[in-house]
file start-v4.txt (compact mmCIF, N, CA and C atoms)
# COMPACT_ATOMS: atom_id res chain seq x y z
N MET A 1 -25.55 1.60 -4.47
CA MET A 1 -25.53 2.56 -5.56
C MET A 1 -25.50 3.99 -5.02
N THR A 2 -26.00 4.21 -3.82
CA THR A 2 -25.98 5.56 -3.27
C THR A 2 -24.56 6.00 -2.96
N ARG A 3 -23.69 5.08 -2.55
CA ARG A 3 -22.29 5.44 -2.32
C ARG A 3 -21.64 5.90 -3.61
N PHE A 4 -21.93 5.17 -4.69
CA PHE A 4 -21.35 5.51 -5.99
C PHE A 4 -21.83 6.89 -6.44
N ALA A 5 -23.12 7.17 -6.29
CA ALA A 5 -23.66 8.48 -6.67
C ALA A 5 -23.04 9.59 -5.82
N ALA A 6 -22.86 9.32 -4.53
CA ALA A 6 -22.24 10.31 -3.65
C ALA A 6 -20.80 10.56 -4.07
N ALA A 7 -20.08 9.52 -4.45
CA ALA A 7 -18.69 9.68 -4.88
C ALA A 7 -18.61 10.51 -6.15
N ILE A 8 -19.51 10.27 -7.09
CA ILE A 8 -19.54 11.05 -8.34
C ILE A 8 -19.81 12.51 -8.01
N ALA A 9 -20.75 12.77 -7.10
CA ALA A 9 -21.07 14.15 -6.73
C ALA A 9 -19.88 14.83 -6.05
N ILE A 10 -19.17 14.09 -5.19
CA ILE A 10 -18.01 14.66 -4.51
C ILE A 10 -16.91 15.00 -5.51
N LEU A 11 -16.60 14.05 -6.38
CA LEU A 11 -15.53 14.28 -7.36
C LEU A 11 -15.90 15.38 -8.34
N ALA A 12 -17.16 15.43 -8.76
CA ALA A 12 -17.60 16.49 -9.68
C ALA A 12 -17.53 17.85 -8.99
N GLY A 13 -17.92 17.89 -7.73
CA GLY A 13 -17.85 19.14 -6.98
C GLY A 13 -16.43 19.62 -6.81
N LEU A 14 -15.51 18.71 -6.56
CA LEU A 14 -14.11 19.09 -6.40
C LEU A 14 -13.51 19.57 -7.72
N ALA A 15 -13.94 18.98 -8.82
CA ALA A 15 -13.41 19.37 -10.12
C ALA A 15 -13.85 20.78 -10.50
N ALA A 16 -14.97 21.24 -9.97
CA ALA A 16 -15.49 22.55 -10.32
C ALA A 16 -14.94 23.66 -9.43
N CYS A 17 -14.02 23.35 -8.55
CA CYS A 17 -13.48 24.35 -7.62
C CYS A 17 -12.60 25.35 -8.34
N ASP A 18 -12.36 26.48 -7.68
CA ASP A 18 -11.50 27.52 -8.24
C ASP A 18 -10.04 27.04 -8.24
N PRO A 19 -9.17 27.75 -8.95
CA PRO A 19 -7.76 27.31 -9.06
C PRO A 19 -7.04 27.18 -7.71
N VAL A 20 -7.34 28.05 -6.77
CA VAL A 20 -6.67 27.95 -5.46
C VAL A 20 -7.06 26.65 -4.76
N THR A 21 -8.34 26.33 -4.81
CA THR A 21 -8.81 25.10 -4.18
C THR A 21 -8.25 23.88 -4.91
N ASN A 22 -8.18 23.96 -6.25
CA ASN A 22 -7.60 22.85 -7.01
C ASN A 22 -6.14 22.64 -6.63
N THR A 23 -5.40 23.73 -6.45
CA THR A 23 -4.00 23.62 -6.04
C THR A 23 -3.89 22.98 -4.66
N ALA A 24 -4.77 23.37 -3.76
CA ALA A 24 -4.77 22.76 -2.42
C ALA A 24 -5.12 21.28 -2.50
N MET A 25 -6.05 20.92 -3.38
CA MET A 25 -6.43 19.52 -3.52
C MET A 25 -5.28 18.68 -4.09
N VAL A 26 -4.54 19.26 -5.03
CA VAL A 26 -3.38 18.55 -5.58
C VAL A 26 -2.35 18.33 -4.47
N GLY A 27 -2.11 19.36 -3.68
CA GLY A 27 -1.19 19.22 -2.55
C GLY A 27 -1.64 18.18 -1.56
N ALA A 28 -2.94 18.20 -1.25
CA ALA A 28 -3.49 17.21 -0.31
C ALA A 28 -3.38 15.80 -0.89
N SER A 29 -3.60 15.67 -2.19
CA SER A 29 -3.48 14.35 -2.83
C SER A 29 -2.05 13.85 -2.78
N LEU A 30 -1.08 14.75 -2.96
CA LEU A 30 0.33 14.34 -2.89
C LEU A 30 0.70 13.90 -1.48
N VAL A 31 0.21 14.62 -0.48
CA VAL A 31 0.47 14.21 0.90
C VAL A 31 -0.19 12.87 1.18
N SER A 32 -1.44 12.72 0.74
CA SER A 32 -2.16 11.46 0.92
C SER A 32 -1.43 10.32 0.22
N LEU A 33 -0.95 10.57 -0.99
CA LEU A 33 -0.23 9.55 -1.75
C LEU A 33 1.04 9.13 -1.04
N SER A 34 1.75 10.08 -0.45
CA SER A 34 3.00 9.74 0.21
C SER A 34 2.78 8.95 1.50
N TYR A 35 1.66 9.17 2.17
CA TYR A 35 1.41 8.47 3.44
C TYR A 35 0.57 7.21 3.29
N THR A 36 -0.33 7.16 2.31
CA THR A 36 -1.25 6.03 2.21
C THR A 36 -1.16 5.27 0.89
N ASP A 37 -0.31 5.74 -0.02
CA ASP A 37 -0.20 5.16 -1.37
C ASP A 37 -1.50 5.31 -2.15
N LYS A 38 -2.34 6.27 -1.77
CA LYS A 38 -3.60 6.55 -2.49
C LYS A 38 -3.80 8.05 -2.58
N THR A 39 -4.34 8.50 -3.72
CA THR A 39 -4.72 9.89 -3.84
C THR A 39 -6.08 10.08 -3.17
N ILE A 40 -6.50 11.33 -3.05
CA ILE A 40 -7.82 11.58 -2.46
C ILE A 40 -8.90 10.95 -3.33
N GLY A 41 -8.74 11.04 -4.65
CA GLY A 41 -9.70 10.39 -5.55
C GLY A 41 -9.75 8.89 -5.34
N ASP A 42 -8.58 8.27 -5.11
CA ASP A 42 -8.53 6.83 -4.82
C ASP A 42 -9.33 6.51 -3.57
N HIS A 43 -9.19 7.35 -2.54
CA HIS A 43 -9.93 7.12 -1.29
C HIS A 43 -11.44 7.21 -1.54
N VAL A 44 -11.86 8.18 -2.34
CA VAL A 44 -13.29 8.34 -2.62
C VAL A 44 -13.81 7.13 -3.40
N VAL A 45 -13.06 6.70 -4.41
CA VAL A 45 -13.49 5.54 -5.21
C VAL A 45 -13.47 4.27 -4.35
N SER A 46 -12.48 4.12 -3.48
CA SER A 46 -12.43 2.96 -2.58
C SER A 46 -13.65 2.94 -1.68
N TRP A 47 -14.01 4.10 -1.15
CA TRP A 47 -15.18 4.18 -0.28
C TRP A 47 -16.45 3.86 -1.07
N ALA A 48 -16.56 4.39 -2.29
CA ALA A 48 -17.77 4.20 -3.09
C ALA A 48 -17.95 2.75 -3.52
N THR A 49 -16.85 2.08 -3.84
CA THR A 49 -16.95 0.70 -4.34
C THR A 49 -16.72 -0.35 -3.27
N ASP A 50 -16.36 0.10 -2.06
CA ASP A 50 -16.03 -0.81 -0.95
C ASP A 50 -14.93 -1.79 -1.38
N SER A 51 -13.93 -1.23 -2.06
CA SER A 51 -12.78 -2.01 -2.54
C SER A 51 -11.50 -1.24 -2.21
N ASP A 52 -10.37 -1.85 -2.48
CA ASP A 52 -9.07 -1.20 -2.31
C ASP A 52 -8.64 -0.70 -3.68
N CYS A 53 -8.88 0.58 -3.96
CA CYS A 53 -8.58 1.16 -5.27
C CYS A 53 -7.41 2.12 -5.16
N ALA A 54 -6.47 2.04 -6.10
CA ALA A 54 -5.31 2.93 -6.07
C ALA A 54 -4.68 3.02 -7.45
N LEU A 55 -4.23 4.23 -7.80
CA LEU A 55 -3.51 4.41 -9.06
C LEU A 55 -2.23 3.61 -9.08
N LEU A 56 -1.62 3.40 -7.91
CA LEU A 56 -0.38 2.62 -7.87
C LEU A 56 -0.61 1.18 -8.29
N HIS A 57 -1.80 0.64 -8.01
CA HIS A 57 -2.11 -0.71 -8.50
C HIS A 57 -2.04 -0.72 -10.02
N ALA A 58 -2.72 0.25 -10.63
CA ALA A 58 -2.77 0.31 -12.09
C ALA A 58 -1.38 0.54 -12.68
N SER A 59 -0.55 1.34 -12.01
CA SER A 59 0.79 1.59 -12.54
C SER A 59 1.67 0.35 -12.46
N ASN A 60 1.30 -0.62 -11.63
CA ASN A 60 2.04 -1.88 -11.52
C ASN A 60 1.39 -2.99 -12.33
N SER A 61 0.56 -2.61 -13.33
CA SER A 61 -0.14 -3.55 -14.21
C SER A 61 -1.06 -4.48 -13.43
N GLU A 62 -1.65 -3.97 -12.38
CA GLU A 62 -2.63 -4.71 -11.59
C GLU A 62 -3.98 -4.02 -11.77
N PRO A 63 -5.07 -4.67 -11.38
CA PRO A 63 -6.37 -4.00 -11.47
C PRO A 63 -6.40 -2.76 -10.57
N TYR A 64 -7.11 -1.71 -11.03
CA TYR A 64 -7.22 -0.48 -10.24
C TYR A 64 -7.85 -0.75 -8.89
N CYS A 65 -8.89 -1.57 -8.86
CA CYS A 65 -9.57 -1.91 -7.60
C CYS A 65 -9.40 -3.40 -7.31
N LYS A 66 -9.13 -3.70 -6.05
CA LYS A 66 -9.01 -5.07 -5.57
C LYS A 66 -9.94 -5.25 -4.38
N PRO A 67 -10.40 -6.46 -4.11
CA PRO A 67 -11.20 -6.66 -2.89
C PRO A 67 -10.33 -6.46 -1.66
N HIS A 68 -10.94 -5.98 -0.57
CA HIS A 68 -10.20 -5.81 0.68
C HIS A 68 -9.71 -7.17 1.18
N LYS A 69 -8.55 -7.19 1.80
CA LYS A 69 -8.01 -8.43 2.36
C LYS A 69 -8.62 -8.68 3.73
N THR A 70 -8.91 -9.95 3.99
CA THR A 70 -9.44 -10.33 5.30
C THR A 70 -8.29 -10.59 6.25
N GLU A 71 -8.60 -10.73 7.54
CA GLU A 71 -7.57 -11.05 8.52
C GLU A 71 -6.89 -12.38 8.20
N GLU A 72 -7.67 -13.33 7.69
CA GLU A 72 -7.11 -14.64 7.33
C GLU A 72 -6.11 -14.49 6.19
N ASP A 73 -6.44 -13.63 5.20
CA ASP A 73 -5.52 -13.40 4.08
C ASP A 73 -4.21 -12.79 4.58
N LEU A 74 -4.33 -11.80 5.46
CA LEU A 74 -3.14 -11.14 5.99
C LEU A 74 -2.28 -12.11 6.81
N GLU A 75 -2.92 -12.94 7.62
CA GLU A 75 -2.18 -13.92 8.44
C GLU A 75 -1.49 -14.95 7.54
N ARG A 76 -2.17 -15.39 6.48
CA ARG A 76 -1.57 -16.35 5.55
C ARG A 76 -0.37 -15.73 4.86
N GLU A 77 -0.48 -14.46 4.42
CA GLU A 77 0.64 -13.79 3.78
C GLU A 77 1.84 -13.65 4.72
N ARG A 78 1.55 -13.34 6.00
CA ARG A 78 2.63 -13.23 6.98
C ARG A 78 3.33 -14.57 7.16
N ALA A 79 2.55 -15.64 7.26
CA ALA A 79 3.12 -16.98 7.45
C ALA A 79 3.95 -17.38 6.23
N GLU A 80 3.46 -17.08 5.02
CA GLU A 80 4.20 -17.42 3.81
C GLU A 80 5.52 -16.63 3.74
N ALA A 81 5.47 -15.35 4.11
CA ALA A 81 6.69 -14.54 4.09
C ALA A 81 7.70 -15.04 5.11
N GLU A 82 7.22 -15.44 6.28
CA GLU A 82 8.11 -15.97 7.31
C GLU A 82 8.74 -17.29 6.85
N ALA A 83 7.94 -18.16 6.23
CA ALA A 83 8.46 -19.44 5.74
C ALA A 83 9.49 -19.22 4.64
N GLU A 84 9.22 -18.26 3.76
CA GLU A 84 10.17 -17.97 2.68
C GLU A 84 11.48 -17.39 3.25
N ARG A 85 11.34 -16.53 4.25
CA ARG A 85 12.53 -15.94 4.87
C ARG A 85 13.37 -17.02 5.54
N MET A 86 12.73 -17.93 6.25
CA MET A 86 13.46 -19.00 6.94
C MET A 86 14.08 -19.97 5.94
N ALA A 87 13.45 -20.17 4.78
CA ALA A 87 13.97 -21.09 3.77
C ALA A 87 15.24 -20.55 3.12
N GLN A 88 15.43 -19.24 3.15
CA GLN A 88 16.61 -18.66 2.53
C GLN A 88 17.87 -18.96 3.35
N GLY A 89 17.71 -19.26 4.61
CA GLY A 89 18.83 -19.76 5.37
C GLY A 89 19.51 -18.82 6.34
N HIS A 90 20.10 -17.75 5.91
CA HIS A 90 20.94 -16.92 6.77
C HIS A 90 20.32 -15.53 6.87
N CYS A 91 19.64 -15.27 8.00
CA CYS A 91 18.93 -14.01 8.19
C CYS A 91 19.60 -13.20 9.29
N TYR A 92 19.68 -11.89 9.06
CA TYR A 92 20.35 -10.98 9.98
C TYR A 92 19.45 -9.78 10.25
N ARG A 93 19.52 -9.28 11.49
CA ARG A 93 18.81 -8.06 11.82
C ARG A 93 19.58 -6.88 11.24
N SER A 94 18.83 -5.98 10.61
CA SER A 94 19.42 -4.73 10.13
C SER A 94 18.51 -3.60 10.57
N LEU A 95 18.75 -2.41 10.11
CA LEU A 95 17.95 -1.27 10.55
C LEU A 95 16.48 -1.46 10.16
N GLY A 96 15.64 -1.75 11.12
CA GLY A 96 14.21 -1.80 10.89
C GLY A 96 13.66 -3.07 10.29
N ASN A 97 14.48 -4.01 9.85
CA ASN A 97 13.92 -5.24 9.28
C ASN A 97 14.95 -6.36 9.36
N ILE A 98 14.56 -7.48 8.78
CA ILE A 98 15.43 -8.66 8.74
C ILE A 98 15.76 -8.94 7.29
N THR A 99 17.04 -9.13 6.99
CA THR A 99 17.49 -9.40 5.64
C THR A 99 18.05 -10.81 5.59
N CYS A 100 17.68 -11.57 4.56
CA CYS A 100 18.10 -12.97 4.45
C CYS A 100 18.93 -13.20 3.19
N PHE A 101 19.85 -14.15 3.29
CA PHE A 101 20.74 -14.51 2.20
C PHE A 101 20.82 -16.03 2.11
N ARG A 102 21.17 -16.52 0.93
CA ARG A 102 21.35 -17.97 0.76
C ARG A 102 22.66 -18.43 1.38
N GLU A 103 23.66 -17.59 1.32
CA GLU A 103 24.98 -17.89 1.87
C GLU A 103 25.20 -17.01 3.10
N PRO A 104 26.04 -17.44 4.05
CA PRO A 104 26.34 -16.57 5.19
C PRO A 104 26.96 -15.25 4.71
N ASP A 105 26.56 -14.16 5.33
CA ASP A 105 27.10 -12.85 4.98
C ASP A 105 28.28 -12.54 5.90
N PRO A 106 29.48 -12.41 5.36
CA PRO A 106 30.65 -12.17 6.21
C PRO A 106 30.65 -10.79 6.84
N ASN A 107 29.80 -9.89 6.37
CA ASN A 107 29.76 -8.52 6.90
C ASN A 107 28.88 -8.38 8.12
N HIS A 108 28.11 -9.42 8.48
CA HIS A 108 27.25 -9.36 9.64
C HIS A 108 27.84 -10.22 10.76
N SER A 109 27.67 -9.78 11.98
CA SER A 109 28.19 -10.55 13.11
C SER A 109 27.19 -11.64 13.49
N SER A 110 27.64 -12.61 14.23
CA SER A 110 26.76 -13.70 14.65
C SER A 110 25.70 -13.20 15.63
N THR A 111 25.94 -12.06 16.30
CA THR A 111 24.94 -11.53 17.23
C THR A 111 23.73 -10.97 16.49
N ALA A 112 23.90 -10.59 15.22
CA ALA A 112 22.80 -10.05 14.43
C ALA A 112 22.03 -11.15 13.73
N LYS A 113 22.54 -12.39 13.79
CA LYS A 113 21.90 -13.50 13.08
C LYS A 113 20.58 -13.88 13.76
N VAL A 114 19.54 -14.10 12.96
CA VAL A 114 18.22 -14.40 13.48
C VAL A 114 18.01 -15.90 13.62
N ASN A 115 18.39 -16.67 12.62
CA ASN A 115 18.20 -18.13 12.70
C ASN A 115 19.47 -18.86 12.41

call {"tool": "encode", "arguments": {"input": "start-v4.txt", "output": "structure tokens"}}
result
Amino acid sequence: MTRFAAAIAILAGLAACDPVTNTAMVGASLVSLSYTDKTIGDHVVSWATDSDCALLHASNSEPYCKPHKTEEDLERERAEAEAERMAQGHCYRSLGNITCFREPDPNHSSTAKVN
């Protein structure tokens, strides 16, 4: 409960700042949002609740706060994504990632083919 009280105090203190500070906070939130997909307020609420909270979750019709994922959850998701990618059949290396198709892609060379 002390984390929650501290978060309320931090957010209330930031809301009472002068216009210049508020403008700086909006700018900082936009930078934070572009790099972490969370605003500064989201980070404070995540810290206070020990959850993964983000406005982007809510904008995607998901709960605002979700429990943090464990290493096992992340490993399972990676394995599922890899299995799904391999099931699609024809995967090719492209800039920065691997793209898969059900049918062979005539625009990719066989040297770019992954499986």

call {"tool": "atom_distance", "arguments": {"input": "start-v4.txt", "atom1": "atom CA of A:His68", "atom2": "atom CA of A:Trp47"}}
result
11.2 Å

call {"tool": "select_by_dssp", "arguments": {"input": "start-v4.txt", "residues": "stretch 29-108 of chain A", "states": "alpha helix (DSSP H)", "output": "ChimeraX atom specification"}}
result
/A:29-36,40-49,55-59,71-88

call {"tool": "closest_residue", "arguments": {"input": "start-v4.txt", "among": "A:Asp105, A:Asp52, A:Glu84, A:Asp37", "to": "A:Tyr64", "atoms": "only C-alpha atoms"}}
result
A:Asp52

call {"tool": "residues_around", "arguments": {"input": "start-v4.txt", "residues": "A:Arg102", "least_positions_apart": "4", "cutoff": "8 Å", "atoms": "all atoms listed in the file", "output": "list in words"}}
result
Ala87, Gln88, Gly89, His90 and Cys91 of chain A

call {"tool": "select_by_dssp", "arguments": {"input": "start-v4.txt", "residues": "stretch 36-71 of chain A", "states": "strand (DSSP E)", "output": "list in words"}}
result
Asp52, Cys53, Cys65 and Lys66 of chain A

call {"tool": "atom_distance", "arguments": {"input": "start-v4.txt", "atom1": "atom CA of A:Ile40", "atom2": "atom CA of A:Thr23"}}
result
13.1 Å

call {"tool": "atom_distance", "arguments": {"input": "start-v4.txt", "atom1": "atom C of A:Ala54", "atom2": "atom CA of A:Asn97"}}
result
26.3 Å

call {"tool": "axis_aligned_box", "arguments": {"input": "start-v4.txt", "around": "stretch 22-26 of chain A", "padding_each_side": "4 Å", "output": "JSON"}}
result
{"center_x": -5.3, "center_y": 21.1, "center_z": -4.7, "size_x": 13.8, "size_y": 13.6, "size_z": 12.6}
